[in-house]
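Written out below as structure tokens is the structure these notes cover.
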Amino acid sequence: MNYVNDVSPMHRAPENLALWLPKRGRKFEAGPAPYTRPGANELVVRTRAIGLNLVDGIPGFAYRLVVPWLTFPAVVGGDVAGEVVAVGPGVDRFTVGDRVLGHALGLERSQNRAAEGAFQHYVILMAHVVSPIPDSLSFQQAAVLPLQLSTAASGMFQHDGLGLDLPTADPADRGETVLVWGGSTGVGSNAIQLARNAGYRVVATASPRNFDYLHSLGAAAAIDRNSSEAVDELVAAIGEVPLAGSLAIGNGSLPKVMRVAARAPGTKRVSCAAPGLVTRMLALRAPRGVYVSSIWGGSLKDNEVGPAIYTDFLPTALATGAYRAEPEAEVVGHGLEAIPAGLGRLRDGVSAKKLVVTV
Ligand SMILES: NC(=O)c1ccc[n+]([C@@H]2O[C@H](COP(=O)([O-])OP(=O)(O)OC[C@H]3O[C@@H](n4cnc5c(N)ncnc54)[C@H](OP(=O)(O)O)[C@@H]3O)[C@@H](O)[C@H]2O)c1
């Protein structure tokens, strides 16, 4: 059995600090937390940078809607970059001291565990949703990736999503288009790059100030998401290169994406990043032949997509520059105590930026 642990039962565990949510709808409070030793297929990572996501800072009611199973006191947070301090049984890809990024999955229904929330100094991560960070990438920039990367990958590659072909180091041109509505969001930035690395042409939307950014990620066409002609313009941009699938990211995107999918040639599958209930309601109005699925960003932990992305694809793609950690990180403070104010800023809105706290 491969069991590497610098915090052996013989030694005193490090002191852990977490940002607790004592109850639904209450304010975060920093305080001591247990240090949890890694189980099978788990790592303990000392967090050095934490990315902030909208789901981390949603008020009480929205938590009830999106993660109704969550028990309190809770430690939330999905994006971790840091150093491996302990490795559990069965983990052979990592050793103590490795610099890694990973998707913290404490919010998942199957986990619902404070030890797996990113907002703490020592977090448990599942090894198959962890990747090494190349020397060229800082902790703060690496921390932008996990949850938004997982969300894009779940929607695009799972069989219950778009079922696209997986990204590889040397993708063949597939002669098909992927539509990414919301291309300048964190989820969209990852979706564009994943699609390109899987050999698809990409047509995406954003505000015009982000068109250069979309092109830099590999989009062949960028369309103004606020234009009243956006649907027509997308159908024209897709042209004769048939759709392989479409992603609807951002409020109000699904009805428009469904209209594009109905009119453009190719596959009429649409995956939507809105909460499942919202997606199901909107999908009742899907045009004939358009099939809509909803995305859950943590679902790739339970299928082949998790290891395909975090083990097989991302490490080499990051090291060679074929994949960039985007959007650009903006460090909004140091220490767990800086997270609540950072979440407030995130709720006010960001554009092609990811807010990160260093720890
Ligand atoms: N289902 C899941 O598991 C899951 C997981 C993560 C996120 N999400 C959802 O996915 C969406 C994106 O999340 P994120 O964290 O990637 O966002 P984000 O990076 O915070 O998004 C910022 C971007 O949103 C764009 N934007 C604002 N309103 C929009 C709208 N109505 N339609 C399209 N784009 C819009 C802005 O683009 P411009 O400045 O270019 O206009 C801005 O660049 C959110 O709705 C989030 O709730 C779902």
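Each chain in the structure tokens gets a letter, A, B, ..., in the order shown, and its residues are numbered from 1; ligands are numbered from 1 in order too.
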Per residue of chain A within 7 Å of ligand 1, note the shortest atom pair and the distance in Å to one decimal, counting only C-alpha atoms and all ligand atoms, and order the rows by chain and increasing residue number, as a Markdown table.
| residue | atom | partner | partner_atom_place_in_ligand_line | distance |
| --- | --- | --- | --- | --- |
| A:Asn53 | CA | ligand 1 | 15 (O) | 5.5 |
| A:Leu54 | CA | ligand 1 | 15 (O) | 5.8 |
| A:Val55 | CA | ligand 1 | 47 (O) | 6.7 |
| A:Leu147 | CA | ligand 1 | 6 (C) | 6.4 |
| A:Gln148 | CA | ligand 1 | 6 (C) | 5.5 |
| A:Thr151 | CA | ligand 1 | 5 (C) | 5.2 |
| A:Trp181 | CA | ligand 1 | 33 (C) | 6.3 |
| A:Gly182 | CA | ligand 1 | 34 (N) | 4.0 |
| A:Ser184 | CA | ligand 1 | 43 (O) | 4.4 |
| A:Thr185 | CA | ligand 1 | 19 (O) | 3.5 |
| A:Gly186 | CA | ligand 1 | 16 (O) | 3.4 |
| A:Val187 | CA | ligand 1 | 16 (O) | 3.9 |
| A:Gly188 | CA | ligand 1 | 16 (O) | 6.2 |
| A:Ala206 | CA | ligand 1 | 40 (O) | 3.8 |
| A:Ser207 | CA | ligand 1 | 40 (O) | 3.8 |
| A:Pro208 | CA | ligand 1 | 40 (O) | 6.9 |
| A:Arg209 | CA | ligand 1 | 40 (O) | 6.8 |
| A:Asn210 | CA | ligand 1 | 40 (O) | 5.3 |
| A:Arg225 | CA | ligand 1 | 33 (C) | 6.8 |
| A:Ile249 | CA | ligand 1 | 11 (C) | 5.1 |
| A:Gly250 | CA | ligand 1 | 32 (N) | 3.5 |
| A:Asn251 | CA | ligand 1 | 31 (N) | 3.9 |
| A:Gly252 | CA | ligand 1 | 31 (N) | 5.5 |
| A:Ser253 | CA | ligand 1 | 32 (N) | 5.6 |
| A:Ala273 | CA | ligand 1 | 1 (N) | 4.1 |
| A:Ala274 | CA | ligand 1 | 1 (N) | 5.4 |
| A:Pro275 | CA | ligand 1 | 1 (N) | 5.7 |
| A:Ser294 | CA | ligand 1 | 1 (N) | 7.0 |
| A:Ile295 | CA | ligand 1 | 1 (N) | 4.6 |
| A:Trp296 | CA | ligand 1 | 3 (O) | 3.7 |
| A:Gly297 | CA | ligand 1 | 3 (O) | 3.5 |
| A:Gly298 | CA | ligand 1 | 3 (O) | 6.6 |
| A:Leu346 | CA | ligand 1 | 20 (O) | 6.7 |
| A:Gly349 | CA | ligand 1 | 22 (C) | 6.4 |
| A:Val350 | CA | ligand 1 | 22 (C) | 5.0 |
| A:Ser351 | CA | ligand 1 | 43 (O) | 3.4 |
| A:Ala352 | CA | ligand 1 | 43 (O) | 4.2 |
| A:Lys353 | CA | ligand 1 | 19 (O) | 6.4 |
| A:Lys354 | CA | ligand 1 | 19 (O) | 6.4 |
What's the 12 Å shell around Arg48 of chain A, counting only C-alpha atoms, without same-chain residues fewer than 4 positions away, as a PyMOL selection string?
-> chain A and resi 79-84+99-102+118-123+138-143+331+334-336+356-359
Close residues, Gly57 of chain A itself excluded, 8 Å, only C-alpha atoms, min 5 positions apart in chain, as number ranges by chain | A: 340, 343-344, 347
N, CA and C atoms of the current selection, written as a compact mmCIF listing (two decimals), in the first residue's frame:
# COMPACT_ATOMS: atom_id res chain seq x y z
N PRO A 340 -14.74 37.02 2.77
CA PRO A 340 -16.09 37.60 2.69
C PRO A 340 -16.16 38.88 1.86
N LEU A 343 -15.98 37.97 -1.75
CA LEU A 343 -17.24 37.44 -2.27
C LEU A 343 -18.23 38.57 -2.55
N GLY A 344 -18.17 39.61 -1.70
CA GLY A 344 -19.01 40.79 -1.95
C GLY A 344 -18.67 41.43 -3.28
N ARG A 347 -20.03 39.33 -6.14
CA ARG A 347 -21.48 39.52 -6.35
C ARG A 347 -21.76 40.80 -7.12
Mind giving me the straight-line distance from atom CA of Asp98 of chain A to atom CA of Ala115 of chain A in Å, one decimal?
-> 20.0 Å
Tell me, as JSON, numbers by chain, which residues lie within 12 Å of Ser154 of chain A, counting only C-alpha atoms; anything in the same chain fewer than 5 positions away does not count.
-> {"A": [146, 147, 148, 149, 159, 160, 161, 162, 163, 164, 166, 187, 190, 191, 194, 247, 271, 272, 273, 293, 294, 295, 296, 297, 298, 299, 300, 301, 302, 303, 304, 305, 306, 307, 308, 309]}
Filtering to N, CA, C and O atoms, could you give me those residues as a compact mmCIF listing (two decimals), in the first residue's frame?
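Resulting contents of part-v7.txt:
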# COMPACT_ATOMS: atom_id res chain seq x y z
N PRO A 146 -10.03 25.35 -10.96
CA PRO A 146 -10.73 24.08 -10.75
C PRO A 146 -12.25 24.07 -10.96
O PRO A 146 -12.73 23.30 -11.79
N LEU A 147 -13.02 24.86 -10.21
CA LEU A 147 -14.47 24.68 -10.30
C LEU A 147 -15.01 25.05 -11.68
O LEU A 147 -15.88 24.37 -12.23
N GLN A 148 -14.47 26.12 -12.25
CA GLN A 148 -14.98 26.53 -13.56
C GLN A 148 -14.52 25.57 -14.65
O GLN A 148 -15.27 25.27 -15.59
N LEU A 149 -13.30 25.04 -14.53
CA LEU A 149 -12.85 24.00 -15.45
C LEU A 149 -13.73 22.76 -15.33
O LEU A 149 -14.19 22.20 -16.35
N HIS A 159 -21.64 12.06 -20.89
CA HIS A 159 -22.63 11.54 -21.83
C HIS A 159 -24.01 12.15 -21.58
O HIS A 159 -24.82 12.24 -22.50
N ASP A 160 -24.26 12.57 -20.32
CA ASP A 160 -25.55 13.22 -20.05
C ASP A 160 -25.49 14.72 -20.35
O ASP A 160 -26.44 15.45 -20.09
N GLY A 161 -24.34 15.21 -20.86
CA GLY A 161 -24.22 16.60 -21.30
C GLY A 161 -24.16 16.63 -22.82
O GLY A 161 -25.00 16.04 -23.50
N LEU A 162 -23.11 17.26 -23.35
CA LEU A 162 -22.99 17.33 -24.82
C LEU A 162 -22.33 16.09 -25.39
O LEU A 162 -22.42 15.84 -26.60
N GLY A 163 -21.63 15.32 -24.55
CA GLY A 163 -21.00 14.08 -25.04
C GLY A 163 -19.94 14.32 -26.11
O GLY A 163 -19.76 13.49 -27.01
N LEU A 164 -19.23 15.44 -26.01
CA LEU A 164 -18.19 15.74 -27.00
C LEU A 164 -16.98 14.84 -26.82
O LEU A 164 -16.78 14.25 -25.74
N LEU A 166 -13.14 14.04 -26.06
CA LEU A 166 -12.27 14.62 -25.04
C LEU A 166 -11.09 15.37 -25.65
O LEU A 166 -10.66 15.05 -26.77
N VAL A 187 -16.31 29.90 -16.53
CA VAL A 187 -16.73 28.63 -17.13
C VAL A 187 -16.52 28.68 -18.64
O VAL A 187 -15.99 27.75 -19.25
N ASN A 190 -12.88 28.40 -19.92
CA ASN A 190 -12.44 27.00 -19.94
C ASN A 190 -13.10 26.23 -21.06
O ASN A 190 -12.46 25.41 -21.72
N ALA A 191 -14.39 26.50 -21.30
CA ALA A 191 -15.10 25.77 -22.35
C ALA A 191 -14.47 26.02 -23.72
O ALA A 191 -14.30 25.09 -24.51
N LEU A 194 -11.17 24.10 -23.84
CA LEU A 194 -11.37 22.65 -23.90
C LEU A 194 -11.84 22.24 -25.29
O LEU A 194 -11.37 21.24 -25.86
N LEU A 247 -23.28 25.48 -25.36
CA LEU A 247 -23.29 25.74 -23.92
C LEU A 247 -23.99 27.06 -23.67
O LEU A 247 -23.67 28.07 -24.32
N SER A 271 -26.26 22.36 -23.26
CA SER A 271 -26.05 22.18 -21.82
C SER A 271 -26.06 23.55 -21.17
O SER A 271 -25.44 24.49 -21.67
N CYS A 272 -26.75 23.65 -20.04
CA CYS A 272 -26.97 24.95 -19.41
C CYS A 272 -26.39 24.95 -17.99
O CYS A 272 -26.60 24.02 -17.23
N ALA A 273 -25.69 26.06 -17.67
CA ALA A 273 -25.01 26.15 -16.37
C ALA A 273 -25.89 26.69 -15.25
O ALA A 273 -25.47 26.75 -14.11
N SER A 293 -29.80 19.80 -21.34
CA SER A 293 -29.37 19.17 -20.10
C SER A 293 -28.82 20.25 -19.17
O SER A 293 -28.41 21.32 -19.63
N SER A 294 -28.82 19.96 -17.87
CA SER A 294 -28.25 20.94 -16.95
C SER A 294 -26.91 20.43 -16.43
O SER A 294 -26.67 19.22 -16.34
N ILE A 295 -26.04 21.40 -16.11
CA ILE A 295 -24.67 21.06 -15.72
C ILE A 295 -24.56 21.13 -14.20
O ILE A 295 -25.06 22.07 -13.58
N TRP A 296 -23.87 20.16 -13.64
CA TRP A 296 -23.48 20.24 -12.23
C TRP A 296 -21.95 20.09 -12.20
O TRP A 296 -21.41 19.05 -12.57
N GLY A 297 -21.27 21.16 -11.76
CA GLY A 297 -19.82 21.24 -11.92
C GLY A 297 -19.02 20.15 -11.23
O GLY A 297 -17.90 19.84 -11.65
N GLY A 298 -19.60 19.54 -10.17
CA GLY A 298 -18.84 18.51 -9.46
C GLY A 298 -19.09 17.10 -9.97
O GLY A 298 -18.49 16.14 -9.49
N SER A 299 -19.97 16.96 -10.99
CA SER A 299 -20.39 15.61 -11.37
C SER A 299 -19.26 14.80 -12.00
O SER A 299 -19.27 13.58 -11.95
N LEU A 300 -18.24 15.46 -12.54
CA LEU A 300 -17.15 14.71 -13.18
C LEU A 300 -16.33 13.90 -12.18
O LEU A 300 -15.54 13.05 -12.60
N LYS A 301 -16.52 14.12 -10.90
CA LYS A 301 -15.80 13.31 -9.91
C LYS A 301 -16.26 11.85 -9.93
O LYS A 301 -15.55 10.98 -9.45
N ASP A 302 -17.46 11.63 -10.49
CA ASP A 302 -18.05 10.29 -10.45
C ASP A 302 -17.94 9.54 -11.77
O ASP A 302 -18.57 8.48 -11.92
N ASN A 303 -17.23 10.06 -12.73
CA ASN A 303 -17.17 9.38 -14.03
C ASN A 303 -15.80 9.57 -14.66
O ASN A 303 -14.91 10.17 -14.06
N GLU A 304 -15.67 9.10 -15.91
CA GLU A 304 -14.36 9.10 -16.56
C GLU A 304 -13.85 10.49 -16.89
O GLU A 304 -12.65 10.67 -17.17
N VAL A 305 -14.73 11.50 -16.86
CA VAL A 305 -14.30 12.84 -17.27
C VAL A 305 -13.32 13.45 -16.27
O VAL A 305 -12.36 14.13 -16.66
N GLY A 306 -13.52 13.20 -14.97
CA GLY A 306 -12.61 13.75 -13.96
C GLY A 306 -11.16 13.37 -14.24
O GLY A 306 -10.30 14.25 -14.47
N PRO A 307 -10.82 12.07 -14.25
CA PRO A 307 -9.44 11.69 -14.55
C PRO A 307 -9.00 12.06 -15.96
O PRO A 307 -7.82 12.39 -16.19
N ALA A 308 -9.93 12.05 -16.92
CA ALA A 308 -9.54 12.41 -18.30
C ALA A 308 -9.02 13.84 -18.35
O ALA A 308 -8.09 14.15 -19.09
N ILE A 309 -9.63 14.73 -17.56
CA ILE A 309 -9.20 16.13 -17.57
C ILE A 309 -8.01 16.33 -16.64
O ILE A 309 -6.96 16.85 -17.05
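Interatomic distance, atom CA of Val96 of chain A to atom CA of Ala49 of chain A: 17.7 Å.
Atom pair atom CA of Val76 of chain A / atom CA of Gly31 of chain A has a distance of 13.9 Å (rounded to one decimal).
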Selected residue of minimal separation from Leu19 of chain A among A:Val144, A:Ala325, A:Ala114, A:Val231, counting only C-alpha atoms =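 Among the listed residues, the smallest separation from Leu19 of chain A belongs to A:Ala114.
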For each of A:Val87, A:Ala127, A:Glu229, A:Pro73, take the minimum atom-to-atom distance to Asn112 of chain A, counting only C-alpha atoms, then give the residue where this is smallest.
->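 Among A:Val87, A:Ala127, A:Glu229, A:Pro73, it is A:Pro73 that comes nearest to Asn112 of chain A.
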Please return as a PyMOL selection string: the residues of segment 74-150 of chain A that backbone DSSP assigns to helix (DSSP H, G or I).
-> chain A and resi 114-116+127-129+139-142+146-150
How would you write, as a PDB file with N, CA, C and O atoms, in the first residue's frame, the set of residues in segment 190-299 of chain A that DSSP gives as strand (DSSP E)?
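Output contents, as saved in result_39.pdb:
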ATOM      1  N   ARG A 201     -14.154  23.807 -33.723  1.00  0.00           N
ATOM      2  CA  ARG A 201     -14.199  25.254 -33.971  1.00  0.00           C
ATOM      3  C   ARG A 201     -15.137  25.852 -32.914  1.00  0.00           C
ATOM      4  O   ARG A 201     -16.118  25.216 -32.527  1.00  0.00           O
ATOM      5  N   VAL A 202     -14.837  27.095 -32.474  1.00  0.00           N
ATOM      6  CA  VAL A 202     -15.656  27.700 -31.413  1.00  0.00           C
ATOM      7  C   VAL A 202     -16.214  29.042 -31.873  1.00  0.00           C
ATOM      8  O   VAL A 202     -15.490  29.879 -32.428  1.00  0.00           O
ATOM      9  N   VAL A 203     -17.496  29.210 -31.605  1.00  0.00           N
ATOM     10  CA  VAL A 203     -18.163  30.499 -31.782  1.00  0.00           C
ATOM     11  C   VAL A 203     -18.672  30.896 -30.402  1.00  0.00           C
ATOM     12  O   VAL A 203     -19.299  30.081 -29.721  1.00  0.00           O
ATOM     13  N   ALA A 204     -18.365  32.131 -29.959  1.00  0.00           N
ATOM     14  CA  ALA A 204     -18.670  32.484 -28.567  1.00  0.00           C
ATOM     15  C   ALA A 204     -19.272  33.881 -28.473  1.00  0.00           C
ATOM     16  O   ALA A 204     -19.152  34.688 -29.407  1.00  0.00           O
ATOM     17  N   THR A 205     -19.924  34.152 -27.341  1.00  0.00           N
ATOM     18  CA  THR A 205     -20.448  35.498 -27.093  1.00  0.00           C
ATOM     19  C   THR A 205     -19.785  36.108 -25.864  1.00  0.00           C
ATOM     20  O   THR A 205     -19.317  35.393 -24.973  1.00  0.00           O
ATOM     21  N   ALA A 206     -19.776  37.440 -25.826  1.00  0.00           N
ATOM     22  CA  ALA A 206     -19.307  38.222 -24.670  1.00  0.00           C
ATOM     23  C   ALA A 206     -19.645  39.674 -24.969  1.00  0.00           C
ATOM     24  O   ALA A 206     -20.213  39.979 -26.036  1.00  0.00           O
ATOM     25  N   ALA A 221     -15.068  33.121 -33.852  1.00  0.00           N
ATOM     26  CA  ALA A 221     -15.963  34.276 -33.994  1.00  0.00           C
ATOM     27  C   ALA A 221     -16.438  34.706 -32.618  1.00  0.00           C
ATOM     28  O   ALA A 221     -16.688  33.871 -31.744  1.00  0.00           O
ATOM     29  N   ALA A 222     -16.546  36.037 -32.427  1.00  0.00           N
ATOM     30  CA  ALA A 222     -17.027  36.595 -31.163  1.00  0.00           C
ATOM     31  C   ALA A 222     -18.223  37.483 -31.465  1.00  0.00           C
ATOM     32  O   ALA A 222     -18.148  38.359 -32.330  1.00  0.00           O
ATOM     33  N   ILE A 223     -19.315  37.236 -30.764  1.00  0.00           N
ATOM     34  CA  ILE A 223     -20.575  37.949 -31.014  1.00  0.00           C
ATOM     35  C   ILE A 223     -20.998  38.653 -29.726  1.00  0.00           C
ATOM     36  O   ILE A 223     -20.874  38.089 -28.627  1.00  0.00           O
ATOM     37  N   ASP A 224     -21.519  39.883 -29.882  1.00  0.00           N
ATOM     38  CA  ASP A 224     -21.955  40.684 -28.724  1.00  0.00           C
ATOM     39  C   ASP A 224     -23.189  40.043 -28.092  1.00  0.00           C
ATOM     40  O   ASP A 224     -24.251  39.970 -28.725  1.00  0.00           O
ATOM     41  N   LEU A 243     -23.044  22.337 -35.799  1.00  0.00           N
ATOM     42  CA  LEU A 243     -22.861  22.335 -34.347  1.00  0.00           C
ATOM     43  C   LEU A 243     -22.613  20.911 -33.847  1.00  0.00           C
ATOM     44  O   LEU A 243     -23.305  19.964 -34.237  1.00  0.00           O
ATOM     45  N   ALA A 244     -21.624  20.803 -32.923  1.00  0.00           N
ATOM     46  CA  ALA A 244     -21.444  19.547 -32.179  1.00  0.00           C
ATOM     47  C   ALA A 244     -22.164  19.645 -30.848  1.00  0.00           C
ATOM     48  O   ALA A 244     -22.436  18.631 -30.197  1.00  0.00           O
ATOM     49  N   GLY A 245     -22.481  20.867 -30.421  1.00  0.00           N
ATOM     50  CA  GLY A 245     -23.179  21.086 -29.167  1.00  0.00           C
ATOM     51  C   GLY A 245     -23.048  22.543 -28.755  1.00  0.00           C
ATOM     52  O   GLY A 245     -22.199  23.264 -29.291  1.00  0.00           O
ATOM     53  N   SER A 246     -23.899  22.958 -27.810  1.00  0.00           N
ATOM     54  CA  SER A 246     -23.923  24.368 -27.394  1.00  0.00           C
ATOM     55  C   SER A 246     -23.973  24.461 -25.882  1.00  0.00           C
ATOM     56  O   SER A 246     -24.645  23.664 -25.222  1.00  0.00           O
ATOM     57  N   LEU A 247     -23.275  25.477 -25.357  1.00  0.00           N
ATOM     58  CA  LEU A 247     -23.293  25.735 -23.919  1.00  0.00           C
ATOM     59  C   LEU A 247     -23.989  27.063 -23.666  1.00  0.00           C
ATOM     60  O   LEU A 247     -23.669  28.066 -24.318  1.00  0.00           O
ATOM     61  N   ALA A 248     -24.917  27.064 -22.704  1.00  0.00           N
ATOM     62  CA  ALA A 248     -25.623  28.290 -22.308  1.00  0.00           C
ATOM     63  C   ALA A 248     -25.128  28.674 -20.921  1.00  0.00           C
ATOM     64  O   ALA A 248     -25.446  28.012 -19.937  1.00  0.00           O
ATOM     65  N   ARG A 269     -28.070  19.633 -29.204  1.00  0.00           N
ATOM     66  CA  ARG A 269     -27.938  19.430 -27.753  1.00  0.00           C
ATOM     67  C   ARG A 269     -27.392  20.704 -27.126  1.00  0.00           C
ATOM     68  O   ARG A 269     -26.416  21.276 -27.611  1.00  0.00           O
ATOM     69  N   VAL A 270     -28.017  21.102 -26.011  1.00  0.00           N
ATOM     70  CA  VAL A 270     -27.614  22.311 -25.298  1.00  0.00           C
ATOM     71  C   VAL A 270     -27.407  21.937 -23.839  1.00  0.00           C
ATOM     72  O   VAL A 270     -28.259  21.279 -23.237  1.00  0.00           O
ATOM     73  N   SER A 271     -26.263  22.356 -23.259  1.00  0.00           N
ATOM     74  CA  SER A 271     -26.049  22.179 -21.816  1.00  0.00           C
ATOM     75  C   SER A 271     -26.060  23.548 -21.169  1.00  0.00           C
ATOM     76  O   SER A 271     -25.436  24.486 -21.667  1.00  0.00           O
ATOM     77  N   CYS A 272     -26.750  23.647 -20.037  1.00  0.00           N
ATOM     78  CA  CYS A 272     -26.975  24.946 -19.407  1.00  0.00           C
ATOM     79  C   CYS A 272     -26.395  24.955 -17.991  1.00  0.00           C
ATOM     80  O   CYS A 272     -26.599  24.017 -17.229  1.00  0.00           O
ATOM     81  N   TYR A 291     -32.579  19.421 -27.428  1.00  0.00           N
ATOM     82  CA  TYR A 291     -32.495  18.655 -26.181  1.00  0.00           C
ATOM     83  C   TYR A 291     -31.624  19.417 -25.191  1.00  0.00           C
ATOM     84  O   TYR A 291     -30.486  19.778 -25.512  1.00  0.00           O
ATOM     85  N   VAL A 292     -32.148  19.669 -23.994  1.00  0.00           N
ATOM     86  CA  VAL A 292     -31.435  20.494 -23.009  1.00  0.00           C
ATOM     87  C   VAL A 292     -31.063  19.653 -21.793  1.00  0.00           C
ATOM     88  O   VAL A 292     -31.887  18.898 -21.261  1.00  0.00           O
ATOM     89  N   SER A 293     -29.802  19.804 -21.343  1.00  0.00           N
ATOM     90  CA  SER A 293     -29.370  19.170 -20.096  1.00  0.00           C
ATOM     91  C   SER A 293     -28.819  20.250 -19.174  1.00  0.00           C
ATOM     92  O   SER A 293     -28.412  21.315 -19.630  1.00  0.00           O
ATOM     93  N   SER A 294     -28.820  19.959 -17.871  1.00  0.00           N
ATOM     94  CA  SER A 294     -28.252  20.943 -16.950  1.00  0.00           C
ATOM     95  C   SER A 294     -26.911  20.433 -16.433  1.00  0.00           C
ATOM     96  O   SER A 294     -26.671  19.223 -16.343  1.00  0.00           O
TER      97      SER A 294
END
